[in-house]
$ cat run_13.csv   # CSV, C-alpha atoms
chain,number,residue,atom,x,y,z
O,1,MET,CA,93.4,102.6,96.2
O,2,ILE,CA,93.8,99.6,93.8
O,3,THR,CA,92.7,96.3,95.3
O,4,ALA,CA,94.0,92.8,94.5
O,5,ARG,CA,93.0,89.3,95.2
O,6,HIS,CA,96.3,88.0,96.5
O,7,ALA,CA,96.7,89.8,99.9
O,8,THR,CA,95.4,87.4,102.6
O,9,VAL,CA,95.4,86.9,106.3
O,10,ASN,CA,98.9,87.0,107.6
O,11,THR,CA,100.8,83.7,108.0
O,12,MET,CA,104.3,85.2,108.2
O,13,THR,CA,107.1,83.8,110.4
O,14,LYS,CA,110.3,85.1,108.9
O,15,LEU,CA,111.6,88.4,107.6
O,16,SER,CA,114.6,88.5,105.2
O,17,ILE,CA,116.7,91.7,105.1
O,18,ILE,CA,119.1,92.0,102.2
O,19,ILE,CA,121.9,94.5,102.3
O,20,PRO,CA,124.0,95.2,99.2
O,21,VAL,CA,127.4,96.7,100.1
O,22,TYR,CA,130.2,98.2,98.2
O,23,ASN,CA,133.0,99.9,100.2
O,24,GLU,CA,130.7,101.0,103.0
O,25,ALA,CA,132.6,99.5,106.0
O,26,ALA,CA,132.6,102.9,107.7
O,27,THR,CA,128.8,102.8,108.2
O,28,LEU,CA,128.2,99.0,108.0
O,29,LYS,CA,128.8,98.2,111.7
O,30,LYS,CA,126.4,100.8,112.9
O,31,LEU,CA,123.8,99.7,110.3
O,32,LEU,CA,124.1,96.0,111.2
O,33,ASP,CA,123.7,96.8,114.9
O,34,ALA,CA,120.6,98.8,114.1
O,35,VAL,CA,119.2,96.0,111.9
O,36,GLN,CA,119.7,93.4,114.6
O,37,ALA,CA,118.0,95.7,117.2
O,38,ALA,CA,115.1,96.7,115.0
O,39,ASN,CA,111.6,95.7,115.8
O,40,SER,CA,110.5,92.9,113.4
O,41,VAL,CA,107.1,92.6,115.1
O,42,GLY,CA,107.8,89.0,116.2
O,43,LEU,CA,109.2,87.7,112.9
O,44,LYS,CA,112.5,85.8,112.9
O,45,LYS,CA,115.2,87.8,111.1
O,46,GLU,CA,117.3,86.5,108.3
O,47,ILE,CA,120.1,89.1,107.5
O,48,ILE,CA,121.9,88.7,104.2
O,49,VAL,CA,124.8,91.0,103.2
O,50,ILE,CA,126.0,91.0,99.6
O,51,ASN,CA,129.6,92.2,99.3
O,52,ASP,CA,129.9,93.5,95.7
O,53,ALA,CA,133.7,93.1,95.5
O,54,SER,CA,134.5,95.8,98.1
O,55,THR,CA,138.1,96.7,98.6
O,56,ASP,CA,137.7,97.7,102.2
O,57,HIS,CA,137.2,95.4,105.2
O,58,THR,CA,133.5,94.8,104.6
O,59,ALA,CA,133.9,91.0,104.5
O,60,ALA,CA,135.9,90.7,107.7
O,61,LEU,CA,133.4,93.0,109.5
O,62,VAL,CA,130.4,90.9,108.4
O,63,LYS,CA,132.1,87.7,109.4
O,64,SER,CA,132.5,89.0,112.9
O,65,TYR,CA,128.7,88.9,113.3
O,66,PRO,CA,127.4,85.4,114.1
O,67,GLY,CA,124.2,84.5,112.3
O,68,ILE,CA,124.6,87.0,109.4
O,69,THR,CA,124.9,85.4,105.9
O,70,LEU,CA,127.7,86.9,103.7
O,71,LEU,CA,127.5,86.5,100.0
O,72,GLU,CA,130.3,87.8,97.8
O,73,HIS,CA,130.8,88.9,94.2
O,74,ALA,CA,134.2,88.2,92.8
O,75,LYS,CA,133.9,91.3,90.6
O,76,ASN,CA,132.0,94.5,91.1
O,77,ARG,CA,128.7,94.1,89.3
O,78,GLY,CA,126.6,97.0,90.6
O,79,LYS,CA,123.8,97.4,93.2
O,80,ALA,CA,121.0,95.8,91.1
O,81,ALA,CA,123.1,92.7,90.6
O,82,ALA,CA,123.9,92.6,94.4
O,83,VAL,CA,120.2,93.0,95.2
O,84,ARG,CA,119.3,90.1,92.8
O,85,THR,CA,121.9,87.9,94.5
O,86,GLY,CA,120.3,88.6,97.8
O,87,LEU,CA,116.7,88.1,96.6
O,88,ALA,CA,117.7,84.7,95.2
O,89,ALA,CA,119.1,83.6,98.5
O,90,ALA,CA,116.3,85.0,100.8
O,91,SER,CA,114.0,82.5,102.4
O,92,GLY,CA,111.7,84.9,104.4
O,93,ASP,CA,108.0,85.3,103.9
O,94,VAL,CA,108.7,89.0,103.4
O,95,ILE,CA,111.9,90.6,102.1
O,96,ILE,CA,113.1,94.1,102.8
O,97,ILE,CA,115.9,95.8,100.9
O,98,GLN,CA,118.3,97.8,103.2
O,99,ASP,CA,121.1,100.1,102.1
O,100,ALA,CA,124.3,100.1,104.2
O,101,ASP,CA,124.8,103.9,104.2
O,102,LEU,CA,122.5,104.9,107.1
O,103,GLU,CA,120.2,107.0,105.0
O,104,TYR,CA,117.3,104.8,106.0
O,105,ASP,CA,116.5,103.8,109.5
O,106,PRO,CA,115.7,100.1,110.4
O,107,ALA,CA,113.4,101.5,113.1
O,108,ASP,CA,110.9,101.8,110.2
O,109,TYR,CA,110.6,98.0,109.7
O,110,ALA,CA,107.5,97.8,111.9
O,111,ALA,CA,105.7,100.4,109.7
O,112,LEU,CA,106.8,98.5,106.6
O,113,LEU,CA,105.5,95.2,108.0
O,114,ALA,CA,102.2,96.5,109.3
O,115,PRO,CA,100.3,96.1,106.0
O,116,TYR,CA,101.5,92.5,105.6
O,117,LEU,CA,100.5,91.6,109.1
O,118,ALA,CA,97.0,93.0,108.4
O,119,GLY,CA,96.8,90.9,105.3
O,120,LYS,CA,96.4,94.0,103.1
O,121,ALA,CA,99.6,94.0,101.0
O,122,ASP,CA,101.9,92.0,98.8
O,123,VAL,CA,104.3,94.9,98.1
O,124,VAL,CA,105.1,97.8,100.4
O,125,TYR,CA,107.4,100.7,99.6
O,126,GLY,CA,108.7,103.1,102.2
O,127,SER,CA,108.0,106.7,100.9
O,128,ARG,CA,110.1,109.7,101.8
O,129,PHE,CA,107.4,112.0,100.4
O,130,LEU,CA,104.2,110.9,102.0
O,131,PRO,CA,103.0,113.4,104.7
O,132,SER,CA,104.6,112.5,108.0
O,133,ASP,CA,106.3,113.9,111.1
O,134,LYS,CA,109.2,111.5,110.6
O,135,PRO,CA,112.6,113.2,110.3
O,136,ARG,CA,113.8,113.8,106.7
O,137,HIS,CA,116.9,115.5,105.4
O,138,PHE,CA,117.8,116.0,101.8
O,139,PRO,CA,121.2,117.7,101.5
O,140,TYR,CA,120.6,118.6,97.8
O,141,THR,CA,117.4,120.2,96.4
O,142,SER,CA,118.3,118.9,93.0
O,143,ASN,CA,118.4,115.4,94.4
O,144,ARG,CA,114.9,115.7,95.9
O,145,LEU,CA,113.5,117.3,92.8
O,146,GLY,CA,115.0,114.5,90.7
O,147,ASN,CA,113.4,111.9,92.9
O,148,HIS,CA,110.0,113.6,92.5
O,149,GLY,CA,110.4,113.8,88.8
O,150,LEU,CA,111.3,110.1,88.4
O,151,SER,CA,108.4,109.2,90.7
O,152,ALA,CA,106.0,111.3,88.6
O,153,LEU,CA,107.2,109.6,85.4
O,154,THR,CA,106.8,106.2,87.0
O,155,ARG,CA,103.3,107.1,88.2
O,156,TRP,CA,102.3,108.3,84.7
O,157,LEU,CA,103.6,105.4,82.8
O,158,SER,CA,102.8,102.5,85.2
O,159,GLN,CA,99.5,103.7,86.6
O,160,LEU,CA,100.8,102.8,90.0
O,161,PRO,CA,99.8,105.3,92.8
O,162,ILE,CA,103.4,105.7,93.8
O,163,THR,CA,105.0,108.7,95.5
O,164,ASP,CA,108.6,107.5,95.8
O,165,SER,CA,109.8,105.1,93.1
O,166,GLU,CA,113.5,105.5,94.0
O,167,THR,CA,113.2,104.6,97.7
O,168,CYS,CA,115.6,102.0,99.1
O,169,TYR,CA,112.9,100.6,101.3
O,170,LYS,CA,111.2,98.2,98.9
O,171,SER,CA,109.6,95.1,100.4
O,172,PHE,CA,107.8,92.2,98.9
O,173,ARG,CA,106.0,89.0,99.8
O,174,ARG,CA,108.2,86.0,98.8
O,175,GLU,CA,105.6,85.0,96.2
O,176,VAL,CA,106.1,88.3,94.3
O,177,ILE,CA,109.8,88.0,94.2
O,178,ALA,CA,109.6,84.3,93.0
O,179,GLU,CA,107.6,85.5,90.0
O,180,VAL,CA,109.5,88.7,89.1
O,181,LEU,CA,113.1,87.7,89.9
O,182,PRO,CA,113.8,85.6,86.8
O,183,ASN,CA,113.0,88.6,84.6
O,184,LEU,CA,115.2,91.2,86.4
O,185,LYS,CA,118.3,92.0,84.3
O,186,VAL,CA,119.3,95.6,84.7
O,187,GLU,CA,122.6,96.4,86.4
O,188,ARG,CA,123.9,99.3,88.6
O,189,PHE,CA,121.0,101.4,90.0
O,190,GLY,CA,118.4,100.1,87.5
O,191,PHE,CA,116.7,97.7,89.9
O,192,ASP,CA,114.3,100.4,91.1
O,193,PRO,CA,112.5,101.1,87.8
O,194,GLU,CA,112.7,97.5,86.6
O,195,VAL,CA,111.1,95.9,89.6
O,196,THR,CA,108.5,98.7,90.0
O,197,ALA,CA,107.4,98.2,86.4
O,198,ARG,CA,106.9,94.5,87.0
O,199,VAL,CA,105.0,95.1,90.3
O,200,ALA,CA,102.8,97.7,88.6
O,201,ALA,CA,101.9,95.2,85.9
O,202,GLY,CA,100.8,92.7,88.6
O,203,VAL,CA,98.8,95.3,90.4
O,204,ARG,CA,97.0,96.3,87.1
O,205,ARG,CA,96.1,92.6,86.7
O,206,GLU,CA,94.7,92.6,90.2
O,207,GLN,CA,97.3,89.9,91.1
O,208,TRP,CA,99.0,91.9,93.9
O,209,HIS,CA,98.1,94.7,96.3
O,210,TYR,CA,100.6,97.6,96.5
O,211,THR,CA,100.8,100.3,99.2
O,212,GLU,CA,103.2,102.8,100.7
O,213,VAL,CA,104.0,103.9,104.2
O,214,PRO,CA,106.0,107.0,105.3
O,215,VAL,CA,109.6,106.5,106.4
O,216,SER,CA,112.4,108.7,107.7
O,217,TYR,CA,115.4,109.7,105.6
O,218,HIS,CA,118.8,111.2,106.3
O,219,GLY,CA,120.5,111.8,102.9
O,220,ARG,CA,124.3,111.7,102.6
O,221,THR,CA,126.4,114.2,100.8
O,222,TYR,CA,128.9,113.2,98.2
O,223,ALA,CA,131.7,114.0,100.6
O,224,GLU,CA,130.1,111.3,102.9
O,225,GLY,CA,130.2,108.8,100.1
O,226,LYS,CA,126.9,109.2,98.2
O,227,LYS,CA,127.4,107.5,94.8
O,228,ILE,CA,124.4,108.2,92.6
O,229,GLY,CA,124.6,111.2,90.3
O,230,TRP,CA,122.7,113.1,87.6
O,231,ARG,CA,123.8,110.6,84.9
O,232,ASP,CA,122.3,107.8,86.9
O,233,GLY,CA,119.1,109.8,87.1
O,234,LEU,CA,119.0,110.0,83.3
O,235,ARG,CA,119.6,106.2,83.1
O,236,GLN,CA,116.8,105.7,85.6
O,237,ALA,CA,114.4,107.8,83.4
O,238,ALA,CA,115.3,105.8,80.3
O,239,THR,CA,114.8,102.5,82.2
O,240,ILE,CA,111.4,103.7,83.5
O,241,ILE,CA,110.3,104.4,80.0
O,242,ARG,CA,111.7,101.2,78.5
O,243,GLU,CA,110.4,98.9,81.2
O,244,ASN,CA,106.9,100.4,81.4
O,245,ARG,CA,106.5,100.3,77.6
O,246,ARG,CA,107.3,96.6,77.7
O,247,ARG,CA,104.5,96.0,80.2
$ encode --input "run_13.csv" --output "structure tokens"
Amino acid sequence: MITARHATVNTMTKLSIIIPVYNEAATLKKLLDAVQAANSVGLKKEIIVINDASTDHTAALVKSYPGITLLEHAKNRGKAAAVRTGLAAASGDVIIIQDADLEYDPADYAALLAPYLAGKADVVYGSRFLPSDKPRHFPYTSNRLGNHGLSALTRWLSQLPITDSETCYKSFRREVIAEVLPNLKVERFGFDPEVTARVAAGVRREQWHYTEVPVSYHGRTYAEGKKIGWRDGLRQAATIIRENRRR
């Protein structure tokens, strides 16, 4: 385990949950209900939905929830751009990224927050591959193998002890995001390798402490609306190589 100087005794009071959405109104209500009900271990929740120019009724649905912040893109810019918009608006001490498609369960927030509360982490990823009895379902073997391959490439190039670089459940102390956000530029699904490369550079400098916790997963099929494909996997691999060589 790599140690770092920055992780300190917990002083957190607020959790920001950012949810990028593109035409996922069919699952968004159930997701928002689950997020509101999730155990945030005593932290006040700030829920931010970024509507990436959806053509369904996403905006109207979010507006029906008092207290949830809705940010909107006039044009579809991709998931990475939506995540950056949410990160820039978040005011919490810790920020969690949450997809709207129900593949990840907000019931895992308590596990993600535990290392922060113990003062032992600055960055926590939720891994679908760490040993656990949590329920996990990958509808496609190729998808699972692709995730393992991208994680292995990230581990090799970044020297970060990571098992799931492509997980949705990435979380950060606010100070980490304040430093890396101005340098995040990649669009579409490129946020994962870009931010992970920058986190890894900070961990190697002993600036931050990184850890993972096991999370549950229920993968969607393409018929259910899954968007990422093999071409995106190739783009991810190219981004992993480019971003880690820069570091």
$ closest_residue --input "run_13.csv" --among "O:Asn10, O:Thr196, O:Thr141, O:Thr27" --to "Leu160 of chain O" --atoms "all atoms listed in the file"
O:Thr196
$ residues_around --input "run_13.csv" --residues "Asn76 of chain O" --least-positions-apart "6" --cutoff "8 Å" --atoms "all atoms listed in the file" --output "PyMOL selection string"
chain O and resi 52-54
$ residues_near_point --input "run_13.csv" --point "(108.1, 100.5, 109.9)" --cutoff "9 Å" --atoms "all atoms listed in the file" --output "list in words"
Asn39, Ser40, Pro106, Ala107, Asp108, Tyr109, Ala110, Ala111, Leu112, Leu113, Ala114, Gly126, Val213, Pro214 and Val215 of chain O
$ write_last_selection --input "run_13.csv" --atoms "C-alpha atoms" --output "PDB file, in the frame of the given file"
ATOM      1  CA  ASN O  39     111.600  95.700 115.800  1.00  0.00           C
ATOM      2  CA  SER O  40     110.500  92.900 113.400  1.00  0.00           C
ATOM      3  CA  PRO O 106     115.700 100.100 110.400  1.00  0.00           C
ATOM      4  CA  ALA O 107     113.400 101.500 113.100  1.00  0.00           C
ATOM      5  CA  ASP O 108     110.900 101.800 110.200  1.00  0.00           C
ATOM      6  CA  TYR O 109     110.600  98.000 109.700  1.00  0.00           C
ATOM      7  CA  ALA O 110     107.500  97.800 111.900  1.00  0.00           C
ATOM      8  CA  ALA O 111     105.700 100.400 109.700  1.00  0.00           C
ATOM      9  CA  LEU O 112     106.800  98.500 106.600  1.00  0.00           C
ATOM     10  CA  LEU O 113     105.500  95.200 108.000  1.00  0.00           C
ATOM     11  CA  ALA O 114     102.200  96.500 109.300  1.00  0.00           C
ATOM     12  CA  GLY O 126     108.700 103.100 102.200  1.00  0.00           C
ATOM     13  CA  VAL O 213     104.000 103.900 104.200  1.00  0.00           C
ATOM     14  CA  PRO O 214     106.000 107.000 105.300  1.00  0.00           C
ATOM     15  CA  VAL O 215     109.600 106.500 106.400  1.00  0.00           C
TER      16      VAL O 215
END
$ closest_residue --input "run_13.csv" --among "O:Ala82, O:Val176, O:Ile19, O:Glu103" --to "Val62 of chain O" --atoms "all atoms listed in the file"
O:Ile19
$ closest_residue --input "run_13.csv" --among "O:Thr239, O:Ala38, O:Gly78, O:Ser216" --to "Ser132 of chain O" --atoms "all atoms listed in the file"
O:Ser216
$ atom_distance --input "run_13.csv" --atom1 "atom CA of Leu87 of chain O" --atom2 "atom CA of Arg205 of chain O"
23.3 Å
$ closest_residue --input "run_13.csv" --among "O:Leu181, O:Phe129, O:Arg188, O:Ile97" --to "Tyr22 of chain O" --atoms "only C-alpha atoms"
O:Arg188
$ residues_near_point --input "run_13.csv" --point "(125.2, 86.0, 109.0)" --cutoff "8 Å" --atoms "all atoms listed in the file" --output "list in words"
Glu46, Ile47, Ile48, Val49, Val62, Lys63, Tyr65, Pro66, Gly67, Ile68, Thr69 and Leu70 of chain O
$ residues_around --input "run_13.csv" --residues "Asp101 of chain O" --least-positions-apart "3" --cutoff "8 Å" --atoms "only C-alpha atoms" --output "PyMOL selection string"
chain O and resi 24+27-28+31+104+220
$ write_last_selection --input "run_13.csv" --atoms "C-alpha atoms" --output "tab-separated table (two decimals), in the coordinates of the input"
chain	number	residue	atom	x	y	z
O	24	GLU	CA	130.70	101.00	103.00
O	27	THR	CA	128.80	102.80	108.20
O	28	LEU	CA	128.20	99.00	108.00
O	31	LEU	CA	123.80	99.70	110.30
O	104	TYR	CA	117.30	104.80	106.00
O	220	ARG	CA	124.30	111.70	102.60
$ residues_around --input "run_13.csv" --residues "Asn183 of chain O" --least-positions-apart "3" --cutoff "10 Å" --atoms "all atoms listed in the file" --output "ChimeraX atom specification"
/O:179-180,186,194-195,198
$ atom_distance --input "run_13.csv" --atom1 "atom CA of Ala100 of chain O" --atom2 "atom CA of Val21 of chain O"
6.2 Å
$ atom_distance --input "run_13.csv" --atom1 "atom CA of Lys79 of chain O" --atom2 "atom CA of Ile95 of chain O"
16.3 Å
$ closest_residue --input "run_13.csv" --among "O:Arg144, O:Ala60, O:His137, O:Lys170" --to "Ile17 of chain O" --atoms "all atoms listed in the file"
O:Lys170
